[in-house]
Structures are given as structure tokens and as C-alpha cells.
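J.: Could you have a look at this structure, given as C-alpha cells, before my questions?
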Amino acid sequence: MNPITPEFKLIADWIEPNSHVLDLGCGDGTLLNHLKQTRSIRGYGMEIDPQKNIQAMLNGINVIQSNLDSEDLIHYFDPESFDYVIMTQALQVVRRPDILLDHMLTIGKQIIITFPNFAHWKMRAQLLLKGRMPETDTLPYHWYDTPNIHLCTFNDFEDLCEEKNIEVVARTVVNNQHQSNLGIRLMPNLMGEVALYKVQRK
Amino acid sequence: MTDSIGIVTPQTFAVDQPLKLVSGAVLPKFDLMYETYGQLNADASNAVLICHALSGDHHVAGYHEGSDKPGWWNDYIGPNKPIDTNKLFVVCSNNLGSCRGSTGPTTLNPETGRVYGSDFPIVTCRDWVNSQNLLRAHLGIEQWAAIVGGSMGGMQVMQWAIDYPDKLRHALVIAAAPKLSAQNIAFNEVARRAIMTDPEFHEGRFIEAGTTPKGGLALARMLGHLTYLSDDMMGAKFGRELRTESLKYSFDVEFQVESYLRYQGEKFATKQNFDANTYLLMTKALDYFDPAAEFDNDLSQAFSQTQAKFLVVSFTSDWRFSPARSHEIVRALLDNDLDVSYAEVESEHGHDAFLLPNTHYEGIFRAYMQRVTAETGR
């Protein structure tokens, strides 16, 4: 199993014990197992990659092979089936993040979502000074081979939430070591590299 | 042969009590032919039941003495295989109504002294499960560690989980469907008509007439076989390749695919000597399978008493029981908050894929069976 990342620990802090959880893009199931152990949750993972499916199964996870670009979520689950629907670092790779958000908010009472900030100063600097698509530790891809087709900034995401009548219940902005600092607290959209959002329908 | 369980010998479980069937008919007594591999452990917690598909039988792994043909799931059952016979005790019985050793249309009816033929009553998935449950008790197994089946075998697995919820811990439902579609039933009906309109059918009493409806049975198999393959796979394997150098403008076999299908049909009807009445019975059992019917057509309700944990597997090019049919099963299991995993395996081999080697399929199968094995005692 992969190591428990600081991001996973931050997510665990937001989860009530004994809740029902769905993890979208669950990979090998590390997060779900961490939540099982620390929060006694029960739940399912969804993952498209066959190898990761096998790994998740070896790790004892109930994993449904599924494509997040499909209608699977609302096909499989009734409204409010889960206390939390979690999606870490995958918002930017799906075809229609706005539609997926809707589906997540339908089947989950709250959703927890993490994604990289495209407005971090390193991104801005590379685009401004070099005139080239940024490549950073958080987003280490070339423009032509990146799986990230819908990158956004924290401001963009919050605009979308506003538009869709989604309430931001909690937000944690951190650097790529998943630590906060004064700069991030003062100017999150400039200094923050990764954000964790907990949102729900208003 | 070295990577298999080796030489295996079928056994017979003779039941002298009457078995009441779903149809209301009663079998006064019956035999179940079965095979076992591996050792049952001390607390009988490592037993796995395999349910076979339409033309399958109890010979699921290893070799019979003097034969070089392995059991039909030999790729997945044996020492160190996904269903590991070093650790698990594997049981597979031949379904009632079959022609491979269990009581069926080719055996003698004790009440008349004549071959059953078309007098053999219609059997259903539930009847098979009831008979397998008698075998379970006979073998001293309180609860199966897992029940595993593909296609019609997968339907029996679901029936077990619904009818005997405390008799299995895990259910592996592979390339199956919660019920047949109109198209599925239609294919079965054409197959049955092919058999029943063969002049050699003699209203099902062909054995006594000293003949077999080979032509009709071969046709039925050709049709069935078509539904097991995918268009892409047939295109890749045969394309429009000819057997002769050029077109002959005749109705002889010209395209390779025609030759292949005829060979499959003939092999089934003659060399494998499959019984035409059995084919009729098996297709009927498929048509009737619909566990939701007793629950206002609500499949989720059908699984409401189920306790087993599930692995559901489908194959992308399977159009007979497509992935969408497995989604229906998964949805119903999720509705009941059951433990369920689902894999959709990329394969070009159509419905047949569940019998064939495939890296992803094997990986999933192996990973899940490790979970099953880890829960068994000593």
C-alpha cells in the first residue's frame, strides 16, 4: 500500500467516525483503509485503472471499476447514500468537473475535494516570465502529455460553487508539503499549492 | 499437465429421497455426478463450490485418466492458480437434467424403466441450488467459503445467495445477468426450434428410436456459439477469408467462418455427444431465471436477505450478457449495503472471455480469492 500522505491525514480530520464514505479515484485504497482504521468508516472505492483495482482488492477494499466521466455515480447510488463523497487530485482530469460535482452532491451529503492551484505564484511566474506552460513539483507534466485537462484556481472553484449554490463548509490551503504558513493564510490563491475543500448544497 | 491438479476421478452422490422441483414435478431419486480437488480442512471452512454453465459439466479442472483434455476452467483452478487447490477444497457438480452423469434425460426413469427423454421434468436454477445444497450437507460443509460461477453458473451463485444466505461467505458472479432479455430468450427459442423440428427428434424420444437430432442440435450450437463471440474477434480471426482460392458462387462452405461454425456445431452434436433434450432443458432454465420476479420485479429486494460478499465481473465485448447487465446486479447489491467489488475486464473475446486467460481477469480473480482464502481456518 502507498504511504499515508499528509493530505489523507488532513481529510481524516474532517470525517466523523462510523460514517459512510465513497472515494472516487481511490487508487489502491490507501485513503479508505486509513479512514477505516482511524474513523471506522465503511464504504466503497471507485477506480478506472485495472492495476489499481487489483491493488485495492488486495488491500481489502470494496472497489467498483468505473469511469468518472460516465453516469455511473447516479446510476449506482440513490441520493444522499453517503455521508461523504471524497475525490482527491482528480477534479482536473475529468471531462466535465461541473457535472461530476453535481452528481457527487446528489449522492453525498458532503463532498471533500482536493486539487492543485493553477494560480500559485510559481505557475504565474513561469507563464509570465518564460511564456511557457508551467511545470512544477505539484504539476510535473508537459503541456502535451498532461492528464490534467481542467486545471483551475481556488478562485475559479469558489466561483463555480457560488454559481451552483454550493456552500464551502471548510477549506484548507497548503503548500506541496501540506503545510500552511503566514503567506498562504494571507494570500491563499497566490501562495497555496493544494487546497482541500469540504462543500455541501446550500 | 504439470501445472494442473493432475488426474481426477468423478464421484456420484446418490440421493434416494424424492426432490420436489419448482415446476411441481417430483424426481423420485437422483444422482449428482461431481468432482472435488484439494483437501477439506478440519473445520470445513475452505470449501468452494463451482457452478457450471449451459454446456459445462462437473469436470472443471485436471484431467481424466487417459484423456489429454483438461477441465473447462483449468486455467483458473489448480495448484497456485486463482482458485488455489493447495489451500481450498473445490467442488463442482453436474447439474440435474444434464447428460454428463447426473440424472437427466439420458438416464432411466425408475418409475417407467424407460429412458427419461422428454419426460424429464423442467428444472430451474433454484432446483439446481437445492440439489447442490444436499451435496453440501453430504460433504459435511456447513458454509461454503465461496461459490463461483460464470454465465449460467453466475445465476446459480446469485440464487444461492438469495435462497441460502447463511450458506456462503463469498459470491463470485462472472459474465452473468439478473435475467434474460427478450433477445436472449429469442436466441434460445430459435435454438430449441432447430432441435425440435429436426425429423430425428421424435418428440424427445430419439434415444429409444435409436437416433439423435444431430442436425438440429448442431444448428442450435452454431447459433449459441455465435452469441458467445464478438464481432471484432470474429473479424480478427476469420475476416472474409475464403477456404477456397476464389468464390465458387455456390452454397458450399466458402468462408472460413462458415467452416468454423459448422465444425463447432458438428463437434458438439457428434464427438461431444451432447444430448438434445439437455440443451432444451438448460436453455429453458436460463429463460426462467428471474429472481426479482418474486419481489415485484425489484432485484434489490431479492437480495435483501443476502449476507454474502460479492465480486461481480463482466467483459467489455460480451454482448450476450453485457457489462450493463452486471451493473444491474451491482446496483442491487449496493442498494443493500453489501460488500461488493466490480471489475469490467477489457477483452475482445465476447461472452467466452470468462473461460479464457486474461491478465486483468486473472489478477482480479486471484486478488479476490486471496481475500476468501485468508478468512478460512485450518
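Every chain in the C-alpha cells has a letter given in the order shown (A, B, ...), and although residue numbers restart at 1 in each chain, ligands are simply numbered from 1 in the order shown.
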Counting only C-alpha atoms, which residues from chain A have an atom at most 7 Å from any atom of chain B, and could you show them as a PyMOL selection string?
T.: chain A and resi 50+54+57-58+62-65+76
J.: Name all residues at most 10 Å from Phe268 of chain B (count only C-alpha atoms; drop same-chain ones fewer than 2 positions away) and give them as a PDB file with C-alpha atoms, in the first residue's frame.
T.:
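Saved to selection-v7.pdb:
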ATOM      1  CA  SER B  55     -22.909 -26.936 -21.856  1.00  0.00           C
ATOM      2  CA  LYS B 214     -27.752 -34.163 -34.768  1.00  0.00           C
ATOM      3  CA  LEU B 217     -28.550 -29.750 -32.218  1.00  0.00           C
ATOM      4  CA  ALA B 218     -25.603 -28.642 -34.367  1.00  0.00           C
ATOM      5  CA  LEU B 219     -27.663 -25.684 -35.625  1.00  0.00           C
ATOM      6  CA  ALA B 220     -28.603 -24.778 -32.057  1.00  0.00           C
ATOM      7  CA  ARG B 221     -24.951 -24.863 -31.070  1.00  0.00           C
ATOM      8  CA  MET B 222     -23.888 -22.773 -34.082  1.00  0.00           C
ATOM      9  CA  ARG B 262     -20.155 -25.928 -38.873  1.00  0.00           C
ATOM     10  CA  TYR B 263     -17.228 -27.624 -37.181  1.00  0.00           C
ATOM     11  CA  GLN B 264     -18.306 -26.285 -33.771  1.00  0.00           C
ATOM     12  CA  GLY B 265     -21.889 -27.458 -34.317  1.00  0.00           C
ATOM     13  CA  GLU B 266     -20.903 -30.918 -35.513  1.00  0.00           C
ATOM     14  CA  THR B 270     -21.397 -35.868 -32.510  1.00  0.00           C
ATOM     15  CA  LYS B 271     -17.920 -36.002 -30.948  1.00  0.00           C
ATOM     16  CA  GLN B 272     -19.037 -34.459 -27.648  1.00  0.00           C
ATOM     17  CA  ASN B 273     -22.333 -36.312 -27.937  1.00  0.00           C
ATOM     18  CA  PHE B 274     -24.327 -33.608 -26.152  1.00  0.00           C
ATOM     19  CA  ASP B 275     -27.940 -34.567 -25.531  1.00  0.00           C
TER      20      ASP B 275
END
J.: Find the residues around segment 41-53 of chain B up to 10 Å (only C-alpha atoms counted), leave out those fewer than 5 positions away in its own chain, and share them as a PyMOL selection string.
T.: chain B and resi 36+58-60+72-73+77+83+85+87-95+128-129+132+136+139-157+168-172+282+286+372-378
J.: If you measure from atom CA of Cys26 of chain A to atom CA of Ile111 of chain A, what distance in Å do you get, rounded to one decimal?
T.: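 For atom CA of Cys26 of chain A relative to atom CA of Ile111 of chain A, the distance reads 14.4 Å.
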J.: Using only C-alpha atoms, determine which residues lie at most 8 Å from Phe315 of chain B, disregarding the query and same-chain residues fewer than 4 positions distant; provide the list as a PyMOL selection string.
T.: chain B and resi 175+322-323+344-347+350-351+353-354
